Amino acid sequence: KPVSRNARCGNGFGGQTCLGSRYGNCCSQYSYCGTGRDYCKAGCQSPFGICD
């Protein structure tokens, strides 16, 4: 998967992954890369990054 270059992730954004991106390793339910509970917990998209 391509690593996110614009902090977006998921199927709607070319299948970009957050894993290894400079924005954070988690892909939130709203398809943004980041860190912390808002990105890594409920609704987190595990195919496109790490989820807790």
# chains A, B, ... in the order shown; residues from 1 in each chain; ligands from 1
>>> residues_around(residues="range 36-45 of chain A", least_positions_apart="4", cutoff="9 Å", atoms="only C-alpha atoms", output="list in words")
Cys9, Gly10, Gly24, Asn25, Cys26, Cys27, Ser28, Gln29, Tyr30, Ser31, Tyr32, Gly49, Ile50, Cys51 and Asp52 of chain A
>>> write_last_selection(atoms="C-alpha atoms", output="compact mmCIF listing (two decimals), in the first residue's frame")
# COMPACT_ATOMS: atom_id res chain seq x y z
CA CYS A 9 -6.04 7.00 4.40
CA GLY A 10 -8.34 4.23 3.35
CA GLY A 24 0.82 8.91 12.76
CA ASN A 25 0.32 5.18 12.31
CA CYS A 26 -3.44 4.95 12.93
CA CYS A 27 -6.18 5.48 10.33
CA SER A 28 -9.29 6.95 11.98
CA GLN A 29 -12.91 6.17 11.11
CA TYR A 30 -12.92 9.48 9.19
CA SER A 31 -9.91 8.39 7.10
CA TYR A 32 -7.31 10.66 8.69
CA GLY A 49 -2.65 1.29 9.91
CA ILE A 50 -2.35 0.20 13.51
CA CYS A 51 -5.37 -0.02 15.83
CA ASP A 52 -5.31 -0.41 19.61
>>> residues_around(residues="range 1-6 of chain A", least_positions_apart="4", cutoff="10 Å", atoms="only C-alpha atoms", output="list in words")
Gly10, Phe13, Gly14, Gly15, Gln16, Thr17, Cys18, Leu19, Gly20, Ser21, Arg22, Tyr23, Gly24, Asn25, Cys27, Tyr32, Cys33, Pro47, Phe48 and Gly49 of chain A
>>> write_last_selection(atoms="N, CA and C atoms", output="tab-separated table (two decimals), in the first residue's frame")
chain	number	residue	atom	x	y	z
A	10	GLY	N	-7.17	5.05	3.62
A	10	GLY	CA	-8.34	4.23	3.35
A	10	GLY	C	-8.67	4.10	1.87
A	13	PHE	N	-9.10	7.08	-0.52
A	13	PHE	CA	-7.93	7.91	-0.79
A	13	PHE	C	-6.79	7.08	-1.37
A	14	GLY	N	-7.12	6.29	-2.37
A	14	GLY	CA	-6.13	5.50	-3.07
A	14	GLY	C	-5.58	4.33	-2.28
A	15	GLY	N	-6.27	3.96	-1.21
A	15	GLY	CA	-5.81	2.85	-0.40
A	15	GLY	C	-4.55	3.16	0.39
A	16	GLN	N	-4.32	4.46	0.65
A	16	GLN	CA	-3.13	4.85	1.39
A	16	GLN	C	-3.15	4.31	2.81
A	17	THR	N	-1.98	3.93	3.31
A	17	THR	CA	-1.85	3.47	4.69
A	17	THR	C	-1.16	4.52	5.54
A	18	CYS	N	-1.49	4.53	6.82
A	18	CYS	CA	-0.85	5.46	7.75
A	18	CYS	C	0.42	4.86	8.34
A	19	LEU	N	0.58	3.55	8.20
A	19	LEU	CA	1.73	2.87	8.77
A	19	LEU	C	3.02	3.40	8.14
A	20	GLY	N	3.83	4.05	8.96
A	20	GLY	CA	5.07	4.62	8.47
A	20	GLY	C	4.95	6.04	7.96
A	21	SER	N	3.75	6.62	8.06
A	21	SER	CA	3.58	8.01	7.61
A	21	SER	C	4.04	8.97	8.70
A	22	ARG	N	4.29	10.22	8.33
A	22	ARG	CA	4.76	11.20	9.30
A	22	ARG	C	3.64	11.80	10.14
A	23	TYR	N	2.40	11.41	9.84
A	23	TYR	CA	1.26	11.97	10.55
A	23	TYR	C	0.83	11.12	11.74
A	24	GLY	N	1.23	9.86	11.73
A	24	GLY	CA	0.82	8.91	12.76
A	24	GLY	C	0.48	7.59	12.10
A	25	ASN	N	0.50	6.52	12.87
A	25	ASN	CA	0.32	5.18	12.31
A	25	ASN	C	-1.11	4.67	12.29
A	27	CYS	N	-5.23	4.92	11.30
A	27	CYS	CA	-6.18	5.48	10.33
A	27	CYS	C	-7.55	5.56	11.00
A	32	TYR	N	-8.46	9.78	8.45
A	32	TYR	CA	-7.31	10.66	8.69
A	32	TYR	C	-6.25	9.88	9.46
A	33	CYS	N	-4.97	10.13	9.15
A	33	CYS	CA	-3.89	9.51	9.90
A	33	CYS	C	-3.59	10.33	11.14
A	47	PRO	N	-6.96	-2.15	8.24
A	47	PRO	CA	-6.20	-2.47	7.02
A	47	PRO	C	-5.24	-1.35	6.59
A	48	PHE	N	-5.43	-0.16	7.16
A	48	PHE	CA	-4.66	0.99	6.71
A	48	PHE	C	-3.80	1.60	7.80
A	49	GLY	N	-3.50	0.81	8.83
A	49	GLY	CA	-2.65	1.29	9.91
A	49	GLY	C	-2.79	0.42	11.13
>>> select_by_dssp(residues="chain A", states="strand (DSSP E)", output="number ranges by chain")
A: 26-27, 33-34
>>> write_last_selection(atoms="C-alpha atoms", output="tab-separated table (two decimals), in the first residue's frame")
chain	number	residue	atom	x	y	z
A	26	CYS	CA	-3.44	4.95	12.93
A	27	CYS	CA	-6.18	5.48	10.33
A	33	CYS	CA	-3.89	9.51	9.90
A	34	GLY	CA	-2.89	10.35	13.45
>>> decode(residues="range 6-51 of chain A", atoms="N, CA and C atoms", output="PDB file, in the first residue's frame")
ATOM      1  N   ASN A   6      -0.642  12.854   2.571  1.00  0.00           N
ATOM      2  CA  ASN A   6      -1.535  13.990   2.808  1.00  0.00           C
ATOM      3  C   ASN A   6      -2.402  13.802   4.050  1.00  0.00           C
ATOM      4  N   ALA A   7      -1.995  12.891   4.919  1.00  0.00           N
ATOM      5  CA  ALA A   7      -2.697  12.605   6.176  1.00  0.00           C
ATOM      6  C   ALA A   7      -4.049  11.929   5.978  1.00  0.00           C
ATOM      7  N   ARG A   8      -4.358  11.503   4.753  1.00  0.00           N
ATOM      8  CA  ARG A   8      -5.599  10.777   4.496  1.00  0.00           C
ATOM      9  C   ARG A   8      -5.273   9.307   4.275  1.00  0.00           C
ATOM     10  N   CYS A   9      -6.267   8.438   4.496  1.00  0.00           N
ATOM     11  CA  CYS A   9      -6.036   7.000   4.398  1.00  0.00           C
ATOM     12  C   CYS A   9      -7.318   6.282   4.034  1.00  0.00           C
ATOM     13  N   GLY A  10      -7.171   5.047   3.621  1.00  0.00           N
ATOM     14  CA  GLY A  10      -8.337   4.226   3.347  1.00  0.00           C
ATOM     15  C   GLY A  10      -8.668   4.099   1.874  1.00  0.00           C
ATOM     16  N   ASN A  11      -9.749   3.357   1.614  1.00  0.00           N
ATOM     17  CA  ASN A  11     -10.152   3.075   0.237  1.00  0.00           C
ATOM     18  C   ASN A  11     -10.509   4.321  -0.554  1.00  0.00           C
ATOM     19  N   GLY A  12     -11.054   5.333   0.112  1.00  0.00           N
ATOM     20  CA  GLY A  12     -11.455   6.548  -0.584  1.00  0.00           C
ATOM     21  C   GLY A  12     -10.294   7.440  -0.974  1.00  0.00           C
ATOM     22  N   PHE A  13      -9.098   7.081  -0.518  1.00  0.00           N
ATOM     23  CA  PHE A  13      -7.926   7.912  -0.786  1.00  0.00           C
ATOM     24  C   PHE A  13      -6.789   7.080  -1.366  1.00  0.00           C
ATOM     25  N   GLY A  14      -7.124   6.293  -2.372  1.00  0.00           N
ATOM     26  CA  GLY A  14      -6.126   5.500  -3.075  1.00  0.00           C
ATOM     27  C   GLY A  14      -5.575   4.334  -2.283  1.00  0.00           C
ATOM     28  N   GLY A  15      -6.272   3.960  -1.214  1.00  0.00           N
ATOM     29  CA  GLY A  15      -5.810   2.846  -0.399  1.00  0.00           C
ATOM     30  C   GLY A  15      -4.553   3.155   0.393  1.00  0.00           C
ATOM     31  N   GLN A  16      -4.324   4.457   0.649  1.00  0.00           N
ATOM     32  CA  GLN A  16      -3.128   4.851   1.390  1.00  0.00           C
ATOM     33  C   GLN A  16      -3.149   4.311   2.814  1.00  0.00           C
ATOM     34  N   THR A  17      -1.982   3.933   3.314  1.00  0.00           N
ATOM     35  CA  THR A  17      -1.849   3.467   4.685  1.00  0.00           C
ATOM     36  C   THR A  17      -1.162   4.521   5.539  1.00  0.00           C
ATOM     37  N   CYS A  18      -1.492   4.527   6.820  1.00  0.00           N
ATOM     38  CA  CYS A  18      -0.851   5.456   7.755  1.00  0.00           C
ATOM     39  C   CYS A  18       0.424   4.858   8.335  1.00  0.00           C
ATOM     40  N   LEU A  19       0.576   3.549   8.195  1.00  0.00           N
ATOM     41  CA  LEU A  19       1.730   2.869   8.771  1.00  0.00           C
ATOM     42  C   LEU A  19       3.015   3.401   8.140  1.00  0.00           C
ATOM     43  N   GLY A  20       3.829   4.053   8.957  1.00  0.00           N
ATOM     44  CA  GLY A  20       5.073   4.618   8.469  1.00  0.00           C
ATOM     45  C   GLY A  20       4.948   6.043   7.963  1.00  0.00           C
ATOM     46  N   SER A  21       3.747   6.623   8.062  1.00  0.00           N
ATOM     47  CA  SER A  21       3.581   8.007   7.615  1.00  0.00           C
ATOM     48  C   SER A  21       4.041   8.970   8.702  1.00  0.00           C
ATOM     49  N   ARG A  22       4.288  10.220   8.325  1.00  0.00           N
ATOM     50  CA  ARG A  22       4.764  11.204   9.300  1.00  0.00           C
ATOM     51  C   ARG A  22       3.636  11.796  10.137  1.00  0.00           C
ATOM     52  N   TYR A  23       2.405  11.411   9.839  1.00  0.00           N
ATOM     53  CA  TYR A  23       1.256  11.966  10.553  1.00  0.00           C
ATOM     54  C   TYR A  23       0.833  11.118  11.742  1.00  0.00           C
ATOM     55  N   GLY A  24       1.234   9.860  11.733  1.00  0.00           N
ATOM     56  CA  GLY A  24       0.818   8.915  12.760  1.00  0.00           C
ATOM     57  C   GLY A  24       0.482   7.591  12.105  1.00  0.00           C
ATOM     58  N   ASN A  25       0.496   6.521  12.869  1.00  0.00           N
ATOM     59  CA  ASN A  25       0.322   5.182  12.305  1.00  0.00           C
ATOM     60  C   ASN A  25      -1.110   4.667  12.289  1.00  0.00           C
ATOM     61  N   CYS A  26      -2.049   5.416  12.863  1.00  0.00           N
ATOM     62  CA  CYS A  26      -3.438   4.953  12.931  1.00  0.00           C
ATOM     63  C   CYS A  26      -4.310   5.669  11.909  1.00  0.00           C
ATOM     64  N   CYS A  27      -5.226   4.917  11.303  1.00  0.00           N
ATOM     65  CA  CYS A  27      -6.177   5.475  10.333  1.00  0.00           C
ATOM     66  C   CYS A  27      -7.552   5.557  11.004  1.00  0.00           C
ATOM     67  N   SER A  28      -8.035   6.760  11.243  1.00  0.00           N
ATOM     68  CA  SER A  28      -9.292   6.947  11.976  1.00  0.00           C
ATOM     69  C   SER A  28     -10.509   6.564  11.143  1.00  0.00           C
ATOM     70  N   GLN A  29     -11.664   6.511  11.798  1.00  0.00           N
ATOM     71  CA  GLN A  29     -12.914   6.174  11.108  1.00  0.00           C
ATOM     72  C   GLN A  29     -13.249   7.216  10.052  1.00  0.00           C
ATOM     73  N   TYR A  30     -12.668   8.410  10.158  1.00  0.00           N
ATOM     74  CA  TYR A  30     -12.917   9.480   9.189  1.00  0.00           C
ATOM     75  C   TYR A  30     -11.817   9.557   8.137  1.00  0.00           C
ATOM     76  N   SER A  31     -10.966   8.509   8.109  1.00  0.00           N
ATOM     77  CA  SER A  31      -9.910   8.385   7.104  1.00  0.00           C
ATOM     78  C   SER A  31      -8.819   9.444   7.201  1.00  0.00           C
ATOM     79  N   TYR A  32      -8.456   9.780   8.454  1.00  0.00           N
ATOM     80  CA  TYR A  32      -7.311  10.657   8.690  1.00  0.00           C
ATOM     81  C   TYR A  32      -6.254   9.881   9.463  1.00  0.00           C
ATOM     82  N   CYS A  33      -4.973  10.126   9.148  1.00  0.00           N
ATOM     83  CA  CYS A  33      -3.889   9.507   9.897  1.00  0.00           C
ATOM     84  C   CYS A  33      -3.593  10.329  11.143  1.00  0.00           C
ATOM     85  N   GLY A  34      -3.248   9.648  12.227  1.00  0.00           N
ATOM     86  CA  GLY A  34      -2.895  10.350  13.451  1.00  0.00           C
ATOM     87  C   GLY A  34      -2.492   9.383  14.536  1.00  0.00           C
ATOM     88  N   THR A  35      -2.366   9.933  15.755  1.00  0.00           N
ATOM     89  CA  THR A  35      -2.011   9.124  16.911  1.00  0.00           C
ATOM     90  C   THR A  35      -2.992   9.410  18.035  1.00  0.00           C
ATOM     91  N   GLY A  36      -3.022   8.530  19.008  1.00  0.00           N
ATOM     92  CA  GLY A  36      -3.894   8.737  20.157  1.00  0.00           C
ATOM     93  C   GLY A  36      -5.241   8.069  19.988  1.00  0.00           C
ATOM     94  N   ARG A  37      -6.048   8.177  21.036  1.00  0.00           N
ATOM     95  CA  ARG A  37      -7.310   7.451  21.110  1.00  0.00           C
ATOM     96  C   ARG A  37      -8.281   7.785  19.973  1.00  0.00           C
ATOM     97  N   ASP A  38      -8.360   9.037  19.591  1.00  0.00           N
ATOM     98  CA  ASP A  38      -9.315   9.435  18.555  1.00  0.00           C
ATOM     99  C   ASP A  38      -9.054   8.737  17.225  1.00  0.00           C
ATOM    100  N   TYR A  39      -7.802   8.422  16.963  1.00  0.00           N
ATOM    101  CA  TYR A  39      -7.430   7.784  15.705  1.00  0.00           C
ATOM    102  C   TYR A  39      -7.303   6.269  15.808  1.00  0.00           C
ATOM    103  N   CYS A  40      -6.910   5.792  16.989  1.00  0.00           N
ATOM    104  CA  CYS A  40      -6.501   4.391  17.126  1.00  0.00           C
ATOM    105  C   CYS A  40      -7.532   3.470  17.766  1.00  0.00           C
ATOM    106  N   LYS A  41      -8.602   4.009  18.312  1.00  0.00           N
ATOM    107  CA  LYS A  41      -9.589   3.167  19.003  1.00  0.00           C
ATOM    108  C   LYS A  41     -10.831   2.909  18.149  1.00  0.00           C
ATOM    109  N   ALA A  42     -11.988   3.361  18.595  1.00  0.00           N
ATOM    110  CA  ALA A  42     -13.260   3.056  17.943  1.00  0.00           C
ATOM    111  C   ALA A  42     -13.285   3.513  16.493  1.00  0.00           C
ATOM    112  N   GLY A  43     -13.631   2.584  15.604  1.00  0.00           N
ATOM    113  CA  GLY A  43     -13.769   2.921  14.196  1.00  0.00           C
ATOM    114  C   GLY A  43     -12.470   2.929  13.421  1.00  0.00           C
ATOM    115  N   CYS A  44     -11.377   2.700  14.109  1.00  0.00           N
ATOM    116  CA  CYS A  44     -10.061   2.679  13.468  1.00  0.00           C
ATOM    117  C   CYS A  44     -10.047   1.663  12.326  1.00  0.00           C
ATOM    118  N   GLN A  45      -9.411   2.035  11.212  1.00  0.00           N
ATOM    119  CA  GLN A  45      -9.359   1.166  10.035  1.00  0.00           C
ATOM    120  C   GLN A  45      -8.062   0.347  10.025  1.00  0.00           C
ATOM    121  N   SER A  46      -8.166  -0.877  10.545  1.00  0.00           N
ATOM    122  CA  SER A  46      -6.972  -1.715  10.693  1.00  0.00           C
ATOM    123  C   SER A  46      -6.262  -2.084   9.391  1.00  0.00           C
ATOM    124  N   PRO A  47      -6.956  -2.153   8.237  1.00  0.00           N
ATOM    125  CA  PRO A  47      -6.197  -2.469   7.021  1.00  0.00           C
ATOM    126  C   PRO A  47      -5.243  -1.354   6.594  1.00  0.00           C
ATOM    127  N   PHE A  48      -5.428  -0.163   7.156  1.00  0.00           N
ATOM    128  CA  PHE A  48      -4.655   0.990   6.709  1.00  0.00           C
ATOM    129  C   PHE A  48      -3.797   1.605   7.802  1.00  0.00           C
ATOM    130  N   GLY A  49      -3.499   0.814   8.828  1.00  0.00           N
ATOM    131  CA  GLY A  49      -2.652   1.293   9.908  1.00  0.00           C
ATOM    132  C   GLY A  49      -2.790   0.420  11.133  1.00  0.00           C
ATOM    133  N   ILE A  50      -2.311   0.931  12.249  1.00  0.00           N
ATOM    134  CA  ILE A  50      -2.353   0.196  13.510  1.00  0.00           C
ATOM    135  C   ILE A  50      -3.587   0.623  14.301  1.00  0.00           C
ATOM    136  N   CYS A  51      -4.248  -0.326  14.941  1.00  0.00           N
ATOM    137  CA  CYS A  51      -5.370  -0.025  15.831  1.00  0.00           C
ATOM    138  C   CYS A  51      -5.106  -0.639  17.199  1.00  0.00           C
TER     139      CYS A  51
END
